[in-house]
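Student: This is upload_6.cif, which holds mmCIF, C-alpha atoms:
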data_data
#
loop_
_atom_site.label_atom_id
_atom_site.label_comp_id
_atom_site.auth_asym_id
_atom_site.auth_seq_id
_atom_site.Cartn_x
_atom_site.Cartn_y
_atom_site.Cartn_z
CA MET A 1046 -32.82 -0.83 -16.42
CA ASN A 1047 -33.39 -3.54 -13.80
CA GLU A 1048 -32.35 -3.07 -10.20
CA PRO A 1049 -28.73 -4.20 -9.86
CA ILE A 1050 -28.02 -7.52 -8.13
CA LEU A 1051 -27.15 -6.67 -4.51
CA VAL A 1052 -24.01 -7.99 -2.81
CA ASP A 1053 -23.92 -6.98 0.85
CA ALA A 1054 -20.27 -7.26 1.89
CA SER A 1055 -20.48 -4.66 4.63
CA GLY A 1056 -18.56 -5.59 7.76
CA LEU A 1057 -16.70 -8.43 6.07
CA SER A 1058 -12.92 -8.36 6.10
CA CYS A 1059 -10.46 -8.96 3.28
CA PRO A 1060 -10.70 -10.81 0.98
CA GLN A 1061 -14.35 -11.76 1.40
CA PRO A 1062 -15.87 -8.68 -0.31
CA VAL A 1063 -13.70 -9.43 -3.35
CA LEU A 1064 -14.68 -13.11 -3.37
CA LEU A 1065 -18.40 -12.35 -3.05
CA THR A 1066 -18.16 -9.80 -5.86
CA ARG A 1067 -16.35 -12.23 -8.12
CA GLN A 1068 -18.94 -14.91 -7.34
CA ALA A 1069 -21.74 -12.51 -8.29
CA LEU A 1070 -20.02 -11.38 -11.48
CA ARG A 1071 -19.72 -14.99 -12.58
CA ALA A 1072 -23.23 -15.97 -11.52
CA HIS A 1073 -24.86 -13.01 -13.29
CA PRO A 1074 -22.86 -12.28 -16.44
CA GLY A 1075 -23.95 -9.04 -18.06
CA ASP A 1076 -26.05 -7.83 -15.11
CA ALA A 1077 -25.30 -4.73 -13.09
CA ILE A 1078 -24.16 -5.47 -9.55
CA ALA A 1079 -24.27 -3.22 -6.48
CA VAL A 1080 -21.76 -4.02 -3.75
CA LEU A 1081 -22.04 -2.62 -0.22
CA VAL A 1082 -18.75 -2.25 1.66
CA ASP A 1083 -17.82 -0.25 4.75
CA THR A 1084 -14.09 0.48 4.49
CA GLY A 1085 -11.89 2.29 2.00
CA THR A 1086 -9.79 -0.86 1.74
CA SER A 1087 -12.74 -2.98 0.60
CA ARG A 1088 -13.86 -0.19 -1.75
CA ASP A 1089 -10.45 -0.13 -3.43
CA ASN A 1090 -10.08 -3.93 -3.55
CA VAL A 1091 -13.52 -4.48 -5.09
CA THR A 1092 -12.95 -1.62 -7.55
CA ARG A 1093 -9.64 -3.12 -8.64
CA LEU A 1094 -11.20 -6.55 -9.18
CA ALA A 1095 -14.16 -5.12 -11.09
CA GLU A 1096 -11.97 -3.04 -13.38
CA ARG A 1097 -9.79 -6.05 -14.12
CA GLU A 1098 -12.96 -7.96 -15.00
CA GLY A 1099 -13.85 -5.21 -17.47
CA CYS A 1100 -16.52 -3.41 -15.41
CA GLN A 1101 -17.22 0.28 -15.04
CA VAL A 1102 -17.38 1.20 -11.36
CA GLU A 1103 -19.42 4.01 -9.86
CA VAL A 1104 -18.62 4.74 -6.19
CA GLN A 1105 -21.42 6.21 -4.06
CA GLU A 1106 -20.97 7.23 -0.42
CA ARG A 1107 -23.76 5.94 1.78
CA ALA A 1108 -25.43 8.26 4.25
CA GLU A 1109 -25.11 5.65 7.01
CA GLY A 1110 -21.38 5.26 6.32
CA GLY A 1111 -19.52 3.04 3.89
CA TYR A 1112 -19.90 2.82 0.15
CA ARG A 1113 -22.18 1.45 -2.54
CA LEU A 1114 -20.28 0.39 -5.65
CA VAL A 1115 -22.29 -0.04 -8.83
CA LEU A 1116 -20.59 -2.35 -11.32
CA THR A 1117 -21.77 -2.29 -14.91
CA ARG A 1118 -20.49 -4.03 -18.01
CA MET B 211 -3.91 16.18 -0.86
CA SER B 212 -6.26 14.28 -3.13
CA ARG B 213 -3.45 13.61 -5.59
CA LEU B 214 -1.36 12.14 -2.76
CA CYS B 215 -4.40 10.14 -1.73
CA ARG B 216 -4.77 8.71 -5.24
CA LEU B 217 -1.06 7.93 -5.49
CA PHE B 218 -1.19 5.68 -2.46
CA ILE B 219 -4.24 3.72 -3.51
CA SER B 220 -2.75 3.39 -7.01
CA ARG B 221 -0.45 0.53 -7.91
CA TRP B 222 2.44 2.63 -6.61
CA GLY B 223 1.19 2.67 -3.00
CA PRO B 224 2.43 -0.77 -1.89
CA ILE B 225 5.60 -0.32 -3.95
CA ILE B 226 6.47 2.99 -2.25
CA THR B 227 5.71 1.48 1.17
CA GLY B 228 7.82 -1.59 0.38
CA VAL B 229 10.76 0.58 -0.70
CA VAL B 230 10.52 2.71 2.46
CA VAL B 231 10.38 -0.40 4.71
CA GLY B 232 13.22 -2.00 2.74
CA ILE B 233 15.42 1.07 3.26
CA LEU B 234 14.46 1.93 6.85
CA ALA B 235 14.78 -1.59 8.29
CA PRO B 236 18.51 -2.06 7.56
CA VAL B 237 19.10 1.58 8.59
CA LEU B 238 17.43 0.84 11.96
CA ALA B 239 19.59 -2.29 12.28
CA LYS B 240 22.67 -0.18 11.53
CA LEU B 241 21.54 2.31 14.20
CA GLY B 242 21.27 -0.37 16.86
CA ASN B 243 18.37 -2.78 16.25
CA PRO B 244 19.33 -6.50 16.11
CA GLY B 245 20.71 -7.92 12.85
CA ASN B 246 18.17 -8.43 10.03
CA MET B 247 15.63 -7.22 12.61
CA GLY B 248 15.38 -3.56 11.73
CA ILE B 249 11.66 -4.22 11.84
CA CYS B 250 9.89 -7.37 13.02
CA VAL B 251 6.33 -7.13 14.24
CA ALA B 252 6.47 -10.51 16.00
CA CYS B 253 9.88 -10.01 17.63
CA PHE B 254 9.03 -6.48 18.70
CA THR B 255 5.69 -7.57 20.16
CA ARG B 256 7.60 -10.29 22.01
CA ASP B 257 10.05 -7.69 23.33
CA ILE B 258 7.15 -5.54 24.56
CA ALA B 259 5.60 -8.60 26.25
CA GLY B 260 8.93 -9.14 28.02
CA ALA B 261 9.23 -5.50 29.06
CA LEU B 262 5.77 -5.76 30.62
CA GLY B 263 6.77 -8.92 32.49
CA LEU B 264 4.51 -11.25 30.49
CA HIS B 265 7.54 -13.46 30.06
CA ARG B 266 10.87 -13.57 31.86
CA ALA B 267 13.29 -14.25 29.00
CA ALA B 268 15.80 -11.62 30.07
CA VAL B 269 17.38 -11.18 26.63
CA VAL B 270 14.20 -10.09 24.81
CA GLN B 271 12.63 -7.31 26.89
CA TYR B 272 12.17 -3.81 25.51
CA ILE B 273 9.27 -1.52 24.60
CA ARG B 274 9.85 -1.11 20.88
CA PRO B 275 8.90 2.40 19.72
CA GLU B 276 8.42 1.15 16.15
CA ILE B 277 5.21 -0.69 17.11
CA ILE B 278 3.91 2.40 18.93
CA GLY B 279 4.69 4.42 15.79
CA PHE B 280 2.91 1.90 13.57
CA VAL B 281 -0.37 2.29 15.45
CA LEU B 282 -0.14 6.06 15.83
CA GLY B 283 1.03 6.60 12.23
CA ALA B 284 -1.92 4.58 10.95
CA LEU B 285 -4.22 6.54 13.29
CA ILE B 286 -2.95 9.88 11.94
CA ALA B 287 -3.40 8.75 8.31
CA ALA B 288 -6.86 7.39 9.06
CA LEU B 289 -7.92 10.65 10.76
CA ILE B 290 -6.55 12.87 7.98
CA PHE B 291 -8.15 10.83 5.22
CA ARG B 292 -11.41 10.25 7.10
CA GLU B 293 -10.89 6.49 7.34
CA PHE B 294 -10.97 6.20 11.14
CA ARG B 295 -13.91 3.83 11.53
CA PRO B 296 -14.36 2.30 14.98
CA ARG B 297 -15.75 -1.19 14.48
CA THR B 298 -15.90 -4.56 16.21
CA GLY B 299 -17.89 -7.76 16.49
CA SER B 300 -16.24 -10.20 14.09
CA ALA B 301 -15.41 -13.15 16.36
CA PRO B 302 -12.93 -11.28 18.56
CA LEU B 303 -12.20 -14.28 20.80
CA VAL B 304 -11.25 -16.41 17.79
CA ARG B 305 -9.02 -13.56 16.60
CA PHE B 306 -7.35 -13.43 20.02
CA PHE B 307 -6.32 -17.07 19.74
CA LEU B 308 -5.31 -16.67 16.08
CA GLY B 309 -3.03 -13.87 17.28
CA MET B 310 -1.63 -16.11 20.00
CA PHE B 311 -0.89 -19.03 17.73
CA SER B 312 0.40 -16.85 14.89
CA ILE B 313 3.15 -15.46 17.09
CA ILE B 314 3.95 -18.89 18.53
CA GLY B 315 4.54 -20.06 14.94
CA ALA B 316 6.52 -16.93 14.09
CA LEU B 317 8.73 -17.35 17.18
CA VAL B 318 9.53 -20.95 16.23
CA PHE B 319 10.86 -19.50 12.95
CA LEU B 320 12.17 -16.36 14.72
CA GLY B 321 10.40 -13.68 12.76
CA CYS B 322 7.15 -12.46 11.29
CA PRO B 323 6.61 -12.33 7.51
CA TRP B 324 8.20 -8.85 7.43
CA ARG B 325 11.36 -10.19 9.03
CA ALA B 326 11.29 -13.30 6.81
CA TYR B 327 11.57 -11.03 3.77
CA LEU B 328 14.15 -8.80 5.50
CA ARG B 329 16.23 -11.84 6.48
CA LEU B 330 16.14 -12.96 2.85
CA ALA B 331 17.20 -9.46 1.74
CA GLY B 332 20.07 -9.58 4.25
CA GLY B 333 21.37 -12.90 2.89
CA ASP B 334 20.03 -15.22 5.60
CA TRP B 335 19.04 -18.21 3.49
CA ASN B 336 17.30 -19.84 6.49
CA ALA B 337 14.51 -17.44 5.56
CA ILE B 338 13.80 -19.49 2.43
CA PRO B 339 12.16 -22.48 4.19
CA GLY B 340 10.38 -19.96 6.40
CA ILE B 341 8.93 -18.13 3.39
CA LEU B 342 7.98 -21.44 1.75
CA GLY B 343 6.18 -22.38 4.98
CA LEU B 344 4.47 -18.99 5.03
CA VAL B 345 3.22 -19.52 1.48
CA GLY B 346 2.09 -23.04 2.44
CA GLY B 347 0.10 -21.68 5.37
CA ILE B 348 -1.48 -19.01 3.18
CA VAL B 349 -2.44 -21.66 0.58
CA ILE B 350 -4.24 -23.66 3.28
CA GLY B 351 -5.98 -20.47 4.42
CA VAL B 352 -7.05 -19.72 0.85
CA LEU B 353 -8.59 -23.19 0.60
CA PHE B 354 -10.70 -22.43 3.68
CA LEU B 355 -11.69 -19.06 2.20
CA LYS B 356 -12.80 -20.78 -1.00
CA MET B 357 -14.87 -23.18 1.11
CA GLY B 358 -16.73 -20.23 2.60
CA TYR B 359 -14.69 -19.55 5.74
CA SER B 360 -15.66 -16.31 7.47
CA LEU B 361 -15.29 -14.80 10.91
CA GLY B 362 -18.50 -12.86 10.36
CA ARG B 363 -19.26 -9.17 10.09
CA THR B 364 -18.05 -6.24 12.11
CA ARG B 365 -20.48 -3.56 13.25
CA PRO B 366 -19.75 0.15 13.60
CA ALA B 367 -18.84 0.93 17.21
CA PRO B 368 -18.70 4.07 19.39
CA ALA B 369 -15.57 6.17 18.84
CA ALA B 370 -14.16 5.16 22.23
CA VAL B 371 -13.74 1.57 21.02
CA GLY B 372 -11.44 2.73 18.23
CA TRP B 373 -9.33 4.86 20.56
CA ILE B 374 -8.37 2.11 22.99
CA MET B 375 -5.38 0.79 21.02
CA PRO B 376 -3.93 4.24 20.18
CA VAL B 377 -4.28 5.30 23.83
CA LEU B 378 -2.65 2.03 24.92
CA MET B 379 0.28 2.88 22.65
CA ILE B 380 0.62 6.33 24.19
CA GLY B 381 0.65 4.58 27.56
CA LEU B 382 3.41 2.25 26.35
CA LEU B 383 5.39 5.26 25.17
CA ALA B 384 5.07 6.78 28.65
CA LEU B 385 6.21 3.48 30.21
CA LEU B 386 9.16 3.36 27.80
CA LEU B 387 10.26 6.85 28.80
CA ALA B 388 9.54 6.57 32.53
CA ALA B 389 10.35 2.85 33.01
CA PRO B 390 8.76 2.70 36.47
CA LEU B 391 9.80 -0.05 38.90
CA PHE B 392 6.61 -0.88 40.75
CA GLY B 393 7.60 -4.41 41.77
CA ARG B 394 9.71 -5.47 44.75
CA SER B 395 12.12 -8.40 44.92
CA ALA B 396 12.34 -10.69 47.97
CA GLU B 397 15.03 -8.36 49.28
CA GLY B 398 12.77 -5.36 48.84
CA GLU B 399 14.71 -4.00 45.87
CA PRO B 400 12.68 -2.20 43.20
CA VAL B 401 12.27 -4.47 40.21
CA GLY B 402 10.17 -4.24 37.02
CA PRO B 403 7.97 -3.84 35.30
CA ILE B 404 9.24 -2.31 33.13
CA PHE B 405 12.01 -4.84 32.36
CA PHE B 406 14.71 -3.87 29.87
CA SER B 407 17.26 -6.39 28.61
CA ALA B 408 20.85 -5.73 29.66
CA SER B 409 22.18 -8.10 26.97
CA GLY B 410 20.89 -9.96 23.91
CA PRO B 411 18.56 -8.74 21.16
CA GLY B 412 16.36 -6.86 23.63
CA SER B 413 19.30 -4.64 24.55
CA GLN B 414 19.98 -3.74 20.91
CA ALA B 415 17.90 -0.77 19.87
CA ALA B 416 18.01 2.25 17.62
CA PRO B 417 17.56 5.63 19.37
CA ILE B 418 13.96 6.05 20.56
CA ALA B 419 13.19 9.19 18.53
CA ILE B 420 14.44 7.67 15.28
CA ALA B 421 12.67 4.34 15.87
CA LEU B 422 9.43 6.16 16.71
CA ALA B 423 9.70 8.42 13.63
CA ALA B 424 10.37 5.42 11.37
CA GLY B 425 7.36 3.65 12.86
CA LEU B 426 5.13 6.69 12.38
CA LEU B 427 6.17 7.06 8.73
CA ILE B 428 5.67 3.37 7.96
CA GLY B 429 2.34 3.31 9.83
CA PHE B 430 1.15 6.32 7.84
CA LEU B 431 2.22 4.89 4.47
CA ALA B 432 0.93 1.41 5.21
CA GLN B 433 -2.49 2.69 6.29
CA ARG B 434 -2.79 4.56 3.00
CA SER B 435 -1.48 1.77 0.76
CA ARG B 436 -3.02 -1.17 2.72
CA PHE B 437 0.43 -2.78 2.69
CA CYS B 438 0.13 -6.42 3.77
CA THR B 439 2.77 -9.11 3.52
CA VAL B 440 0.26 -11.95 3.77
CA GLY B 441 -2.52 -10.43 1.67
CA ALA B 442 0.17 -10.01 -1.00
CA VAL B 443 0.55 -13.75 -1.48
CA ARG B 444 -3.13 -14.49 -0.78
CA ASP B 445 -4.37 -12.12 -3.49
CA LEU B 446 -1.86 -13.45 -5.98
CA ILE B 447 -3.17 -16.99 -5.43
CA LEU B 448 -6.84 -16.13 -5.03
CA THR B 449 -7.45 -13.52 -7.72
CA ARG B 450 -4.09 -13.29 -9.58
CA ASP B 451 -3.90 -9.71 -8.30
CA PRO B 452 -0.23 -8.61 -7.92
CA HIS B 453 -1.13 -5.22 -6.37
CA LEU B 454 0.16 -5.98 -2.85
CA PHE B 455 2.76 -8.50 -4.01
CA ASN B 456 4.61 -5.74 -5.87
CA GLY B 457 5.18 -4.19 -2.44
CA ILE B 458 6.95 -7.34 -1.21
CA VAL B 459 9.17 -7.42 -4.29
CA ALA B 460 10.00 -3.75 -3.71
CA LEU B 461 10.74 -4.45 -0.03
CA VAL B 462 13.13 -7.31 -0.79
CA ILE B 463 14.98 -5.40 -3.53
CA ALA B 464 15.27 -2.20 -1.47
CA GLY B 465 16.25 -4.22 1.60
CA PHE B 466 18.93 -6.09 -0.34
CA LEU B 467 20.43 -2.93 -1.86
CA THR B 468 20.37 -1.05 1.46
CA SER B 469 21.93 -3.99 3.34
CA LEU B 470 24.63 -4.17 0.67
CA ALA B 471 25.28 -0.42 0.84
CA LEU B 472 25.52 -0.48 4.66
CA GLY B 473 27.79 -3.52 4.69
CA LEU B 474 25.14 -5.66 6.41
CA PHE B 475 24.62 -8.23 3.63
CA GLN B 476 26.02 -11.59 4.77
CA PRO B 477 24.95 -14.49 2.55
CA GLY B 478 24.79 -17.96 4.10
CA PHE B 479 23.01 -20.30 6.48
CA GLU B 480 25.36 -20.40 9.47
CA GLY B 481 25.89 -17.72 12.09
CA GLN B 482 23.01 -15.50 10.98
CA PRO B 483 21.76 -12.98 13.55
CA VAL B 484 18.83 -14.14 15.72
CA ALA B 485 18.19 -17.17 13.51
CA HIS B 486 18.58 -20.96 13.58
CA THR B 487 19.32 -23.40 10.77
CA ASN B 488 16.62 -26.04 11.36
CA ALA B 489 14.85 -25.95 7.98
CA LEU B 490 11.97 -28.20 9.04
CA TRP B 491 10.85 -25.96 11.90
CA ASN B 492 11.66 -22.74 10.08
CA PHE B 493 9.13 -24.10 7.58
CA GLY B 494 6.69 -25.56 10.13
CA GLY B 495 6.56 -22.48 12.33
CA MET B 496 5.69 -20.30 9.38
CA VAL B 497 3.00 -22.69 8.08
CA LEU B 498 1.20 -22.02 11.36
CA ALA B 499 1.87 -18.28 11.21
CA GLY B 500 0.80 -18.00 7.54
CA LEU B 501 -2.41 -19.92 8.18
CA ALA B 502 -3.31 -17.93 11.30
CA PHE B 503 -2.63 -14.59 9.59
CA THR B 504 -4.69 -15.59 6.55
CA LEU B 505 -7.61 -16.69 8.72
CA ALA B 506 -7.42 -13.34 10.54
CA GLY B 507 -7.34 -11.38 7.28
CA GLY B 508 -3.80 -9.97 7.25
CA CYS B 509 -0.19 -10.04 8.39
CA PRO B 510 0.81 -8.85 11.87
CA GLY B 511 1.81 -5.44 10.51
CA ARG B 512 -1.58 -5.04 8.88
CA GLN B 513 -3.32 -6.05 12.12
CA VAL B 514 -1.32 -3.39 13.98
CA PHE B 515 -2.19 -0.73 11.38
CA MET B 516 -5.89 -1.68 11.39
CA SER B 517 -5.91 -1.45 15.18
CA GLY B 518 -4.86 2.18 14.65
CA GLU B 519 -7.70 2.94 12.24
CA GLY B 520 -10.42 1.82 14.64
CA ASP B 521 -10.65 -1.92 14.02
CA ALA B 522 -11.01 -3.23 17.56
CA ASP B 523 -11.01 -6.85 16.34
CA ALA B 524 -7.53 -6.28 14.89
CA GLY B 525 -6.67 -4.76 18.28
CA VAL B 526 -7.79 -7.99 19.96
CA PHE B 527 -5.58 -9.94 17.54
CA VAL B 528 -2.61 -7.74 18.51
CA LEU B 529 -3.31 -8.32 22.21
CA GLY B 530 -3.49 -12.06 21.40
CA MET B 531 -0.01 -11.76 19.89
CA LEU B 532 1.20 -9.98 23.03
CA VAL B 533 -0.11 -12.74 25.31
CA GLY B 534 1.02 -15.44 22.85
CA ALA B 535 4.55 -14.04 22.96
CA GLY B 536 4.47 -14.42 26.73
CA VAL B 537 3.20 -17.99 26.40
CA ALA B 538 5.83 -18.78 23.74
CA HIS B 539 8.60 -17.99 26.19
CA THR B 540 7.10 -19.18 29.48
CA PHE B 541 6.11 -22.52 27.90
CA ASN B 542 9.50 -22.79 26.20
CA LEU B 543 8.03 -22.84 22.69
CA ALA B 544 10.12 -20.05 21.11
CA SER B 545 13.29 -21.03 19.29
CA SER B 546 16.72 -19.63 20.05
CA PRO B 547 19.76 -19.29 17.78
CA ALA B 548 20.66 -22.82 18.99
CA GLY B 549 17.54 -24.20 17.28
CA PRO B 550 13.92 -25.04 18.03
CA SER B 551 13.10 -25.53 21.70
CA LEU B 552 12.00 -28.87 23.07
CA TYR B 553 8.31 -27.95 23.04
CA GLY B 554 8.16 -25.62 20.01
CA PRO B 555 7.11 -28.33 17.52
CA ALA B 556 4.30 -29.49 19.83
CA GLY B 557 3.16 -25.88 20.18
CA VAL B 558 3.04 -25.57 16.39
CA LEU B 559 0.97 -28.75 16.09
CA VAL B 560 -1.54 -27.54 18.70
CA GLY B 561 -1.78 -24.24 16.83
CA LEU B 562 -2.33 -25.99 13.51
CA ILE B 563 -5.12 -28.11 14.98
CA PHE B 564 -6.77 -24.97 16.34
CA CYS B 565 -6.48 -23.15 13.01
CA VAL B 566 -7.81 -26.08 10.98
CA LEU B 567 -10.81 -26.41 13.31
CA VAL B 568 -11.45 -22.66 12.98
CA GLY B 569 -11.07 -22.90 9.20
CA LEU B 570 -13.53 -25.76 8.97
CA THR B 571 -16.16 -24.51 11.39
CA MET B 572 -16.37 -20.72 11.03
CA ARG B 573 -18.98 -19.93 8.39
CA GLU B 574 -21.29 -17.07 7.58
CA PRO B 575 -24.45 -17.68 5.62
CA VAL B 576 -23.51 -15.96 2.38
CA GLY B 577 -25.97 -14.90 -0.25
CA ALA B 578 -24.94 -12.69 -3.14
#
So, in terms of C-alpha cells, how does the structure I just supplied come out?
Tutor:
Amino acid sequence: MNEPILVDASGLSCPQPVLLTRQALRAHPGDAIAVLVDTGTSRDNVTRLAEREGCQVEVQERAEGGYRLVLTR
Amino acid sequence: MSRLCRLFISRWGPIITGVVVGILAPVLAKLGNPGNMGICVACFTRDIAGALGLHRAAVVQYIRPEIIGFVLGALIAALIFREFRPRTGSAPLVRFFLGMFSIIGALVFLGCPWRAYLRLAGGDWNAIPGILGLVGGIVIGVLFLKMGYSLGRTRPAPAAVGWIMPVLMIGLLALLLAAPLFGRSAEGEPVGPIFFSASGPGSQAAPIAIALAAGLLIGFLAQRSRFCTVGAVRDLILTRDPHLFNGIVALVIAGFLTSLALGLFQPGFEGQPVAHTNALWNFGGMVLAGLAFTLAGGCPGRQVFMSGEGDADAGVFVLGMLVGAGVAHTFNLASSPAGPSLYGPAGVLVGLIFCVLVGLTMREPVGA
C-alpha cells in the first residue's frame, strides 16, 4: 500500500481541518489520506465528515500530542 | 466514564446541551435575570465590563457568575477528559478586534446568538431579523473560508498560558463576592470599581450560587459537545452537517416550552424586554456579529469555553469582547430599548469594513 496523502491541519481552527480534508478527499479519490489535527474537536469533526463521505477512520494518538487520522475507502 | 464521553461526542451531545440551555435560561430569568436574558454571552460580558468600570452605563453593571461558570466548567471538563491543551499564536491581535467588533454588532441588536435564539423562544419576534442578519454574516464568513481565509496555526504553549483565563475568572468571582471600592469620588467617598447597577438590567440577577452552578453545568456540557451557535449554521451551509444545528433546534424548542410553562412566553414585537423594534439594525448588527464570529471560528459562548480549555487566542477574543463592550457604551454605539443609538449604525459599518478586510487578506499557504 502507498503512503497515505498527508493533510497537516494541526493548529488550524474550525472548520479549516474539515475543509482541507474534504479538498483532499475530492482531489485524490480512492487514495488513503492521513490527517494531522491537534484537538479533540478537530478529531471528531474530521471523523464525522470522513464517515459521511463513506471512509473508514482509524484514530492514532501522536506521541508529540494531537492525533493522526487515517482515512481509507 | 468512557460511555459518557462517547454520548457527548455523539449526535446527542449538542442536543442535550441545547435542551439544558433552553431549560436553564428561562429558569434563570424567572429567578431574577432580565427577561429573555437568562443567558446572553454578549450582554453578560457587557455587564462585567461595566462592573469593572470599562464603561459607565449605570444600568448594565454586574459581574455575571454565569460567564465565570462557563470558563471554569469548560476547564473542569477539559481536565477530566484530558483535553486541556494550552495553545496560542493564531493571529491573536486580529482576534482581539474581531471580539471587539462582534460585541459592538451584538449590542446594536441587543444580544448574542444565544440570546437571539432565546428571544425567539420567548416570543420576541424582533429576534427574527436579528437571526436573519446572523445567518447573513455567517454566509459572508463562509465565502471567505471557501476563498482560503485563515488566521493561521496555533502552537502548543506552556501550561501557564492556558491557566490565565481560568485564574482571571476566579479573580472575577472574588471581586463579585468582595466588591471592593478602591476608587474615590471628588468628595472622597469610596466609589467603584466594582460598580453594581442599582436599577435596570444590571440590577436583575439570579442568586449567585444558582447562576454559577448553571454556568458550570453548561460550560461542562458545552466543552464536551462542542456546542456552538455559529458553527451550527456554518457547518450546515459549508458541509451540510446538521450535527451542531440540532443543538440550536433543541435549544429553541426547550426554551419555548420552558418559557410557556413558566408564564414567560409573550409573543409580539412591542414592549419586549431589553429589545428594540428597529428591524434594519437588528439585522445589520447581527450581520457584523455573525461575520466576526465566523472569522474567529465560533460563537461567543464557544470562545468562552475554548478559553477555559487552554486556547489563549480564544481568551484574547473574549478580552476583545470585554473591551468592545466598554467601547460600545462609551462611544454610544449600543442600542437601548428606545432603538439604535445615533452612532450604532456607523460603528457597525466600521466593523464590517474591518471584517471584510480581514476576510480578504488573511491567508495561510495551504497544501493538502
Student: Counting only C-alpha atoms, which residues of chain A come no farther than 7 Å from chain B, as a PyMOL selection string?
Tutor: chain A and resi 1051-1052+1056-1059+1065+1069+1085-1086
Student: Could you save those same residues with C-alpha atoms as a PDB file, in the frame of the given file?
Tutor:
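Output below, filename selection25.pdb:
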ATOM      1  CA  LEU A1051     -27.150  -6.670  -4.510  1.00  0.00           C
ATOM      2  CA  VAL A1052     -24.010  -7.990  -2.810  1.00  0.00           C
ATOM      3  CA  GLY A1056     -18.560  -5.590   7.760  1.00  0.00           C
ATOM      4  CA  LEU A1057     -16.700  -8.430   6.070  1.00  0.00           C
ATOM      5  CA  SER A1058     -12.920  -8.360   6.100  1.00  0.00           C
ATOM      6  CA  CYS A1059     -10.460  -8.960   3.280  1.00  0.00           C
ATOM      7  CA  LEU A1065     -18.400 -12.350  -3.050  1.00  0.00           C
ATOM      8  CA  ALA A1069     -21.740 -12.510  -8.290  1.00  0.00           C
ATOM      9  CA  GLY A1085     -11.890   2.290   2.000  1.00  0.00           C
ATOM     10  CA  THR A1086      -9.790  -0.860   1.740  1.00  0.00           C
TER      11      THR A1086
END
Student: Exactly which residues make up the result of the PyMOL selection byres ((chain A and resi 1077-1084) around 7) on this file, given as a list in words?
Tutor: Pro1049, Ile1050, Leu1051, Val1052, Asp1053, Ala1054, Ser1055, Gly1056, Gly1075, Asp1076, Gly1085, Thr1086, Ser1087, Arg1088, Gly1110, Gly1111, Tyr1112, Arg1113, Leu1114, Val1115, Leu1116, Thr1117 and Arg1118 of chain A
Student: Please evaluate the PyMOL selection byres ((chain B and resi 226) around 10) against the displayed coordinates and give the resulting residues as a VMD selection string.
Tutor: chain B and resid 217 to 218 221 to 225 227 to 232 431 to 432 435 437 456 to 457 460 to 461
Student: To one decimal place in Å, what is the distance between CA of Leu532 (chain B) and CA of Ala259 (chain B)?
Tutor: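 These atoms are spaced 5.6 Å apart.
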Student: Would you compute the distance between CA of Ala235 (chain B) and CA of Ile249 (chain B)? Give it in Å to one decimal.
Tutor: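 That distance, rounded to one decimal, is 5.4 Å.
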Student: Smallest atom-to-atom distance to Pro376 (chain B): which of B:Ala288, B:Cys253, B:Ala442, B:Leu474, using only C-alpha atoms?
Tutor: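 Of all the options, B:Ala288 lies closest to Pro376 (chain B).
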Student: Can you tell me which residues surround region 523-527 of chain B at a distance of at most 10 Å, considering all atoms listed in the file, apart from same-chain residues fewer than 6 positions away, and format the answer as a ChimeraX atom specification?
Tutor: /B:281,296-310,312,364,371-372,374-376,503,506-508,510,512-517,533
Student: So which residues touch Gly248 (chain B) within 7 Å, counting only C-alpha atoms, skipping near sequence neighbours fewer than 4 positions away, as number ranges by chain?
Tutor: B: 235-236, 238-239, 243-244
Student: Quick check, in Å to one decimal: how far apart do CA of Leu378 (chain B) and CA of Phe405 (chain B) lie?
Tutor: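 Spanning CA of Leu378 (chain B) to CA of Phe405 (chain B) is a straight-line distance of 17.8 Å.
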Student: Which residues fall under the PyMOL selection byres ((chain B and resi 481) around 12) in this file, as a ChimeraX atom specification?
Tutor: /B:245,333-336,476-480,482-487,547-549
Student: Find the residue from B:Phe354, B:Ala415, B:Gly381, B:Gly520 that sits nearest to Pro1060 (chain A); use all atoms listed in the file when measuring.
Tutor: B:Phe354
Student: What lies within 12 Å of Gly340 (chain B) using only C-alpha atoms, ignoring chain neighbours under 5 positions off, as number ranges by chain?
Tutor: B: 315-330, 334-335, 345-347, 485-500
Student: Find the residues near region 387-401 of chain B: any atom within 10 Å, counting all atoms listed in the file, skip ones fewer than 5 places away on the same chain, and give them as a PyMOL selection string.
Tutor: chain B and resi 261+273+381-382+406+418
Student: Counting only C-alpha atoms, figure out which residue out of A:Glu1109, A:Glu1048, A:Arg1097, A:Val1104 gets nearest to Arg1067 (chain A).
Tutor: A:Arg1097
Student: Find the axis-aligned box for region 1068-1087 of chain A, covering all its listed atoms and adding 6 Å on each side, and write its centre and edge lengths in Å to one decimal as AutoDock Vina command-line options.
Tutor:
--center_x -17.9 --center_y -6.8 --center_z -6.7 --size_x 28.3 --size_y 30.3 --size_z 34.8
Student: Just checking: using all atoms listed in the file, which residue out of B:Leu446, B:Ala369, B:Ala419, B:Leu529 ends up closest to Ile348 (chain B)?
Tutor: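 Between B:Leu446, B:Ala369, B:Ala419, B:Leu529, the residue approaching Ile348 (chain B) most closely is B:Leu446.
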Student: Pick out the closest residue to Pro1062 (chain A) from this set: A:Ala1108, A:Glu1098, A:Thr1092, A:Glu1103. Count all atoms listed in the file.
Tutor: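 Distance minimum relative to Pro1062 (chain A) lands on A:Thr1092.
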